[in-house]
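Structure file query_5.tsv (TSV, C-alpha atoms and all ligand atoms) follows.
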chain	number	residue	atom	x	y	z
A	1	VAL	CA	-3.93	-6.56	-3.65
A	2	ARG	CA	-3.89	-2.79	-3.39
A	3	ILE	CA	-1.97	-1.15	-6.22
A	4	ALA	CA	-1.10	2.39	-7.29
A	5	VAL	CA	-0.50	3.19	-10.96
A	6	PHE	CA	2.06	5.87	-11.90
A	7	ALA	CA	1.75	7.40	-15.37
A	8	SER	CA	2.92	10.50	-17.24
A	9	GLY	CA	1.02	10.14	-20.49
A	10	SER	CA	-1.94	8.64	-22.24
A	11	GLY	CA	-2.55	5.85	-19.76
A	12	SER	CA	-3.67	3.08	-22.10
A	13	ASN	CA	-1.85	0.58	-19.86
A	14	PHE	CA	-3.67	2.05	-16.86
A	15	THR	CA	-6.96	1.38	-18.64
A	16	ALA	CA	-6.00	-2.19	-19.51
A	17	ILE	CA	-5.14	-2.92	-15.86
A	18	GLU	CA	-8.17	-1.09	-14.53
A	19	GLN	CA	-10.44	-3.11	-16.78
A	20	ALA	CA	-8.80	-6.39	-15.72
A	21	CYS	CA	-9.36	-5.42	-12.06
A	22	ARG	CA	-12.96	-4.39	-12.67
A	23	GLU	CA	-13.77	-7.59	-14.52
A	24	GLY	CA	-12.16	-9.73	-11.82
A	25	GLU	CA	-9.48	-11.07	-14.15
A	26	LEU	CA	-6.90	-9.49	-11.86
A	27	GLN	CA	-7.43	-9.85	-8.12
A	28	ALA	CA	-6.35	-6.30	-7.43
A	29	GLU	CA	-7.70	-2.84	-6.84
A	30	ILE	CA	-6.18	0.39	-8.15
A	31	VAL	CA	-6.38	2.58	-5.07
A	32	HIS	CA	-4.65	5.65	-6.51
A	33	VAL	CA	-3.16	7.09	-9.68
A	34	ILE	CA	-0.10	9.31	-9.42
A	35	THR	CA	1.10	11.53	-12.25
A	36	ASP	CA	3.86	14.12	-12.59
A	37	LYS	CA	2.17	15.84	-15.55
A	38	PRO	CA	-0.86	18.13	-15.04
A	39	ASP	CA	-1.96	17.61	-18.66
A	40	ALA	CA	-1.56	13.82	-18.81
A	41	TYR	CA	-4.58	12.12	-20.39
A	42	VAL	CA	-4.39	9.42	-17.70
A	43	ILE	CA	-6.03	11.98	-15.37
A	44	GLU	CA	-9.22	11.86	-17.48
A	45	ARG	CA	-9.09	8.10	-17.58
A	46	ALA	CA	-8.72	7.85	-13.79
A	47	LYS	CA	-11.64	10.24	-13.24
A	48	GLN	CA	-13.82	8.25	-15.59
A	49	ALA	CA	-12.93	5.09	-13.70
A	50	GLU	CA	-13.65	6.92	-10.41
A	51	ILE	CA	-10.17	6.28	-9.09
A	52	PRO	CA	-8.48	9.01	-7.02
A	53	VAL	CA	-5.71	10.75	-8.93
A	54	THR	CA	-3.04	13.12	-7.66
A	55	VAL	CA	-0.78	15.34	-9.74
A	56	LEU	CA	2.57	15.95	-8.05
A	57	ARG	CA	4.83	18.15	-10.18
A	58	PRO	CA	8.44	17.53	-9.17
A	59	LYS	CA	9.21	21.21	-9.83
A	60	ALA	CA	6.80	22.22	-7.10
A	61	PHE	CA	9.10	20.53	-4.55
A	62	GLU	CA	12.47	21.66	-3.36
A	63	SER	CA	14.17	18.33	-3.98
A	64	LYS	CA	13.63	14.89	-5.50
A	65	ALA	CA	13.51	13.52	-1.95
A	66	ALA	CA	10.73	15.95	-0.97
A	67	HIS	CA	8.72	14.95	-4.05
A	68	GLU	CA	9.19	11.28	-3.21
A	69	HIS	CA	8.14	11.77	0.38
A	70	ALA	CA	4.92	13.45	-0.80
A	71	VAL	CA	4.28	10.48	-3.10
A	72	ILE	CA	4.98	8.01	-0.27
A	73	ASP	CA	2.55	9.85	2.05
A	74	ILE	CA	-0.24	9.44	-0.51
A	75	LEU	CA	0.59	5.80	-1.11
A	76	GLN	CA	0.64	5.00	2.58
A	77	ALA	CA	-2.63	6.82	3.22
A	78	ALA	CA	-4.19	4.64	0.50
A	79	GLU	CA	-2.54	1.50	1.99
A	80	THR	CA	-0.81	0.76	-1.30
A	81	GLU	CA	1.02	-2.56	-1.52
A	82	TRP	CA	2.48	-2.45	-5.04
A	83	ILE	CA	3.49	0.37	-7.40
A	84	ILE	CA	2.78	-0.22	-11.09
A	85	LEU	CA	4.61	2.10	-13.48
A	86	ALA	CA	2.77	2.59	-16.75
A	87	GLY	CA	4.55	5.18	-18.86
A	88	TYR	CA	5.90	7.07	-15.83
A	89	MET	CA	8.78	9.07	-17.24
A	90	ARG	CA	10.89	9.55	-14.12
A	91	LEU	CA	13.57	7.51	-12.41
A	92	ILE	CA	12.41	6.04	-9.12
A	93	GLY	CA	14.68	7.34	-6.34
A	94	PRO	CA	16.06	5.72	-3.19
A	95	ASN	CA	13.20	6.76	-0.90
A	96	LEU	CA	10.48	5.09	-2.96
A	97	LEU	CA	12.69	2.07	-3.61
A	98	SER	CA	13.24	1.48	0.08
A	99	ALA	CA	9.59	2.13	0.95
A	100	TYR	CA	8.50	-0.52	-1.63
A	101	PRO	CA	11.37	-3.04	-1.88
A	102	SER	CA	10.77	-5.46	-4.79
A	103	ARG	CA	7.26	-4.07	-5.03
A	104	ILE	CA	7.66	-1.69	-8.00
A	105	ILE	CA	6.99	-2.99	-11.52
A	106	ASN	CA	7.57	-1.35	-14.89
A	107	ILE	CA	6.67	-2.09	-18.50
A	108	HIS	CA	8.98	-1.12	-21.34
A	109	PRO	CA	8.35	-1.31	-25.10
A	110	SER	CA	11.50	-3.22	-26.13
A	111	LEU	CA	13.26	-6.49	-25.38
A	112	LEU	CA	15.51	-5.24	-22.57
A	113	PRO	CA	18.43	-4.85	-22.19
A	114	SER	CA	18.12	-3.52	-25.75
A	115	PHE	CA	16.86	0.04	-26.14
A	116	PRO	CA	16.31	1.30	-22.58
A	117	GLY	CA	15.17	4.89	-21.99
A	118	LYS	CA	12.95	7.13	-24.05
A	119	ASP	CA	11.37	6.23	-27.39
A	120	ALA	CA	12.39	2.57	-27.30
A	121	ILE	CA	10.20	1.78	-30.33
A	122	GLY	CA	11.83	4.56	-32.37
A	123	GLN	CA	15.29	3.44	-31.23
A	124	ALA	CA	14.60	-0.15	-32.31
A	125	ILE	CA	13.30	0.89	-35.74
A	126	GLU	CA	16.19	3.31	-36.21
A	127	HIS	CA	18.62	0.49	-35.42
A	128	GLY	CA	16.96	-1.72	-38.01
A	129	VAL	CA	16.15	-4.67	-35.76
A	130	LYS	CA	13.64	-7.12	-37.22
A	131	VAL	CA	12.23	-8.24	-33.89
A	132	THR	CA	11.55	-6.08	-30.85
A	133	GLY	CA	8.98	-6.51	-28.11
A	134	VAL	CA	7.83	-5.80	-24.61
A	135	THR	CA	9.44	-6.34	-21.19
A	136	VAL	CA	7.89	-6.31	-17.72
A	137	HIS	CA	10.49	-5.98	-14.97
A	138	LEU	CA	11.09	-5.19	-11.33
A	139	VAL	CA	12.33	-1.65	-10.83
A	140	ASP	CA	15.73	-0.89	-9.37
A	141	ALA	CA	17.73	2.34	-9.24
A	142	GLY	CA	18.74	2.16	-12.92
A	143	MET	CA	16.89	3.17	-16.06
A	144	ASP	CA	14.93	0.10	-17.22
A	145	THR	CA	17.51	-2.24	-15.65
A	146	GLY	CA	15.80	-4.37	-12.96
A	147	PRO	CA	15.24	-8.15	-13.00
A	148	ILE	CA	13.06	-9.27	-15.92
A	149	LEU	CA	9.72	-10.88	-15.10
A	150	ALA	CA	8.25	-11.40	-18.59
A	151	GLN	CA	8.97	-10.65	-22.23
A	152	GLU	CA	7.18	-11.03	-25.53
A	153	ALA	CA	8.63	-10.59	-28.98
A	154	VAL	CA	6.99	-8.45	-31.69
A	155	ARG	CA	8.06	-8.51	-35.32
A	156	VAL	CA	8.87	-5.08	-36.77
A	157	ILE	CA	6.58	-4.29	-39.71
A	158	GLU	CA	8.94	-3.01	-42.37
A	159	GLY	CA	8.26	0.61	-43.32
A	160	ASP	CA	5.38	0.93	-40.85
A	161	ALA	CA	6.51	2.45	-37.56
A	162	GLU	CA	2.98	3.32	-36.54
A	163	GLY	CA	1.67	-0.18	-37.19
A	164	THR	CA	4.59	-1.68	-35.27
A	165	ALA	CA	3.91	0.62	-32.31
A	166	GLU	CA	0.27	-0.37	-32.39
A	167	VAL	CA	1.08	-4.07	-32.15
A	168	ILE	CA	3.55	-3.40	-29.33
A	169	HIS	CA	0.92	-1.50	-27.33
A	170	LYS	CA	-1.62	-4.29	-27.81
A	171	VAL	CA	0.93	-6.82	-26.55
A	172	GLU	CA	1.68	-4.55	-23.56
A	173	HIS	CA	-1.95	-4.44	-22.51
A	174	VAL	CA	-2.13	-8.23	-22.33
A	175	LEU	CA	1.35	-9.00	-21.01
A	176	TYR	CA	1.13	-6.46	-18.16
A	177	LYS	CA	-2.06	-7.87	-16.66
A	178	GLU	CA	-0.89	-11.47	-17.11
A	179	THR	CA	2.42	-10.77	-15.38
A	180	LEU	CA	0.73	-8.95	-12.51
A	181	LYS	CA	-1.69	-11.83	-12.14
A	182	MET	CA	1.21	-14.26	-11.81
A	183	LEU	CA	2.93	-12.01	-9.25
A	184	PHE	CA	-0.13	-11.35	-7.11
A	185	GLU	CA	-1.12	-15.01	-6.99
A	186	LYS	CA	2.28	-16.07	-5.63
B	1	LIG	C1	4.19	2.28	-22.97
B	1	LIG	O1	4.72	1.99	-24.23
B	1	LIG	C2	5.09	1.78	-21.87
B	1	LIG	O2	5.75	0.60	-22.21
B	1	LIG	C3	6.08	2.89	-21.75
B	1	LIG	O3	5.32	4.06	-21.91
B	1	LIG	C4	4.18	3.79	-22.71
B	1	LIG	C5	2.97	4.24	-21.96
B	1	LIG	O4	1.81	4.17	-22.74
B	1	LIG	N1	6.81	2.79	-20.51
B	1	LIG	P1	0.38	4.46	-22.08
B	1	LIG	O5	0.48	5.82	-21.40
B	1	LIG	O6	0.10	3.37	-21.09
B	1	LIG	O7	-0.60	4.48	-23.19
Can you dump the structure from the file as C-alpha cells?
Amino acid sequence: VRIAVFASGSGSNFTAIEQACREGELQAEIVHVITDKPDAYVIERAKQAEIPVTVLRPKAFESKAAHEHAVIDILQAAETEWIILAGYMRLIGPNLLSAYPSRIINIHPSLLPSFPGKDAIGQAIEHGVKVTGVTVHLVDAGMDTGPILAQEAVRVIEGDAEGTAEVIHKVEHVLYKETLKMLFEK
C-alpha cells in the first residue's frame, strides 16, 4: 500500500508509522511527506528516513483549490493510494476529498466528538474531564468529524497536563499503526 503522510509539526506519528513500515509490521510504504510549514520538524525526520518531502505553503498559491491541485499532482506522481494525516493543521478541501474518496485518515488526541479542533488535550483538561483519549477516523469535509475507525481511552493525570499529553502521544503511536494495519489488510 502506497501512502503519503501529511504533517505540520513535530512528526512523531510520522516516525511511528515509518518505523512500522520499515520493520514490516505495516504492509505499506510512505512514498511522500507533504507539509504546509517550512520549519516543521517532520521535514528533518523525513530526510533522515530518506523519504521525499515537499513543502507547499498555502500562501504561495492564489487559492485553496490551486494549493490542493499542487498537492494532488505530487500524490499522483508518487502513485499514492492513501493519505495519512498526522498533525496536519489544515482542513482538507473538496478537491483532495474527491481525488481520494474514503482514502484519507486522521488521528486526533481526544475521544471525538468531544474536543475537536486545536489543542484537544488542553481543551479536555480545561473542561475537567477525567478520561480523554485518541480517535482515528476517516476524513470528511468537517473539522475532525468523519466516521470513527478506532478509539482508545486515556485517564487524565490530575495536575499533570504534560504527563497526560505524553501518555496520549504514546497511545497515538500504537493505535495509528494498528488501525492502518486493519484497514490495509481488508
Ligand atoms: C497529534 O497529537 C495528533 O493527534 C494531532 O496532532 C499531533 C501531531 O503530533 N492531530 P506529531 O506531529 O505526530 O508529533
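Proximal residues of ligand LIG 1 (chain B) are Ala7, Ser8, Gly9, Ser10, Gly11, Ser12, Asn13, Phe14, Ala86, Gly87, Tyr88, Ile107, His108, Pro109, His169 and Glu172 of chain A, by a cut-off of 7 Å on all atoms listed in the file.
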* For Ile148 in chain A: contacts at 10 Å, all atoms listed in the file, fewer than 3 positions along chain excluded, given as a list in words ->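 Selected residues are Ile105, Asn106, Ile107, Leu111, Leu112, Pro113, Thr135, Val136, His137, Leu138, Val139, Asp144, Thr145 and Gln151 of chain A.
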Output C-alpha atoms for every residue in that selection, as a JSON list (two decimals), in the frame of the given file.
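Everything below was put into out_23.json:
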[["chain", "number", "residue", "atom", "x", "y", "z"],
["A", 105, "ILE", "CA", 6.99, -2.99, -11.52],
["A", 106, "ASN", "CA", 7.57, -1.35, -14.89],
["A", 107, "ILE", "CA", 6.67, -2.09, -18.50],
["A", 111, "LEU", "CA", 13.26, -6.49, -25.38],
["A", 112, "LEU", "CA", 15.51, -5.24, -22.57],
["A", 113, "PRO", "CA", 18.43, -4.85, -22.19],
["A", 135, "THR", "CA", 9.44, -6.34, -21.19],
["A", 136, "VAL", "CA", 7.89, -6.31, -17.72],
["A", 137, "HIS", "CA", 10.49, -5.98, -14.97],
["A", 138, "LEU", "CA", 11.09, -5.19, -11.33],
["A", 139, "VAL", "CA", 12.33, -1.65, -10.83],
["A", 144, "ASP", "CA", 14.93, 0.10, -17.22],
["A", 145, "THR", "CA", 17.51, -2.24, -15.65],
["A", 151, "GLN", "CA", 8.97, -10.65, -22.23]]
* Just give me the gap between CA of Arg2 in chain A and CA of Ala49 in chain A in Å, one decimal is fine. =>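 Atom-to-atom, CA of Arg2 in chain A and CA of Ala49 in chain A are spaced 15.8 Å apart.
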* Separation of CA of Ala161 in chain A from CA of Glu126 in chain A in Å ->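 Computing the Euclidean distance for CA of Glu126 in chain A and CA of Ala161 in chain A yields 9.8 Å.
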* Hey, can you check how far CA of Ala141 in chain A sits from CA of Glu18 in chain A? -> 26.7 Å
* For Val5 in chain A, which of A:Tyr41, A:Phe115, A:Phe61, A:Trp82 is the closest residue, counting only C-alpha atoms? ->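 The answer is A:Trp82, which sits nearest to Val5 in chain A.
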* To do: Just give me the residues with any atom within 7 Å of (-6.0, 12.6, -8.7), file coordinates, counting all atoms listed in the file, written as a ChimeraX atom specification.
  => /A:33-34,43,52-55
* Residue nearest Ala77 in chain A among A:Ile168, A:Val31, A:Val134, A:Cys21 (counting all atoms listed in the file) -> A:Val31
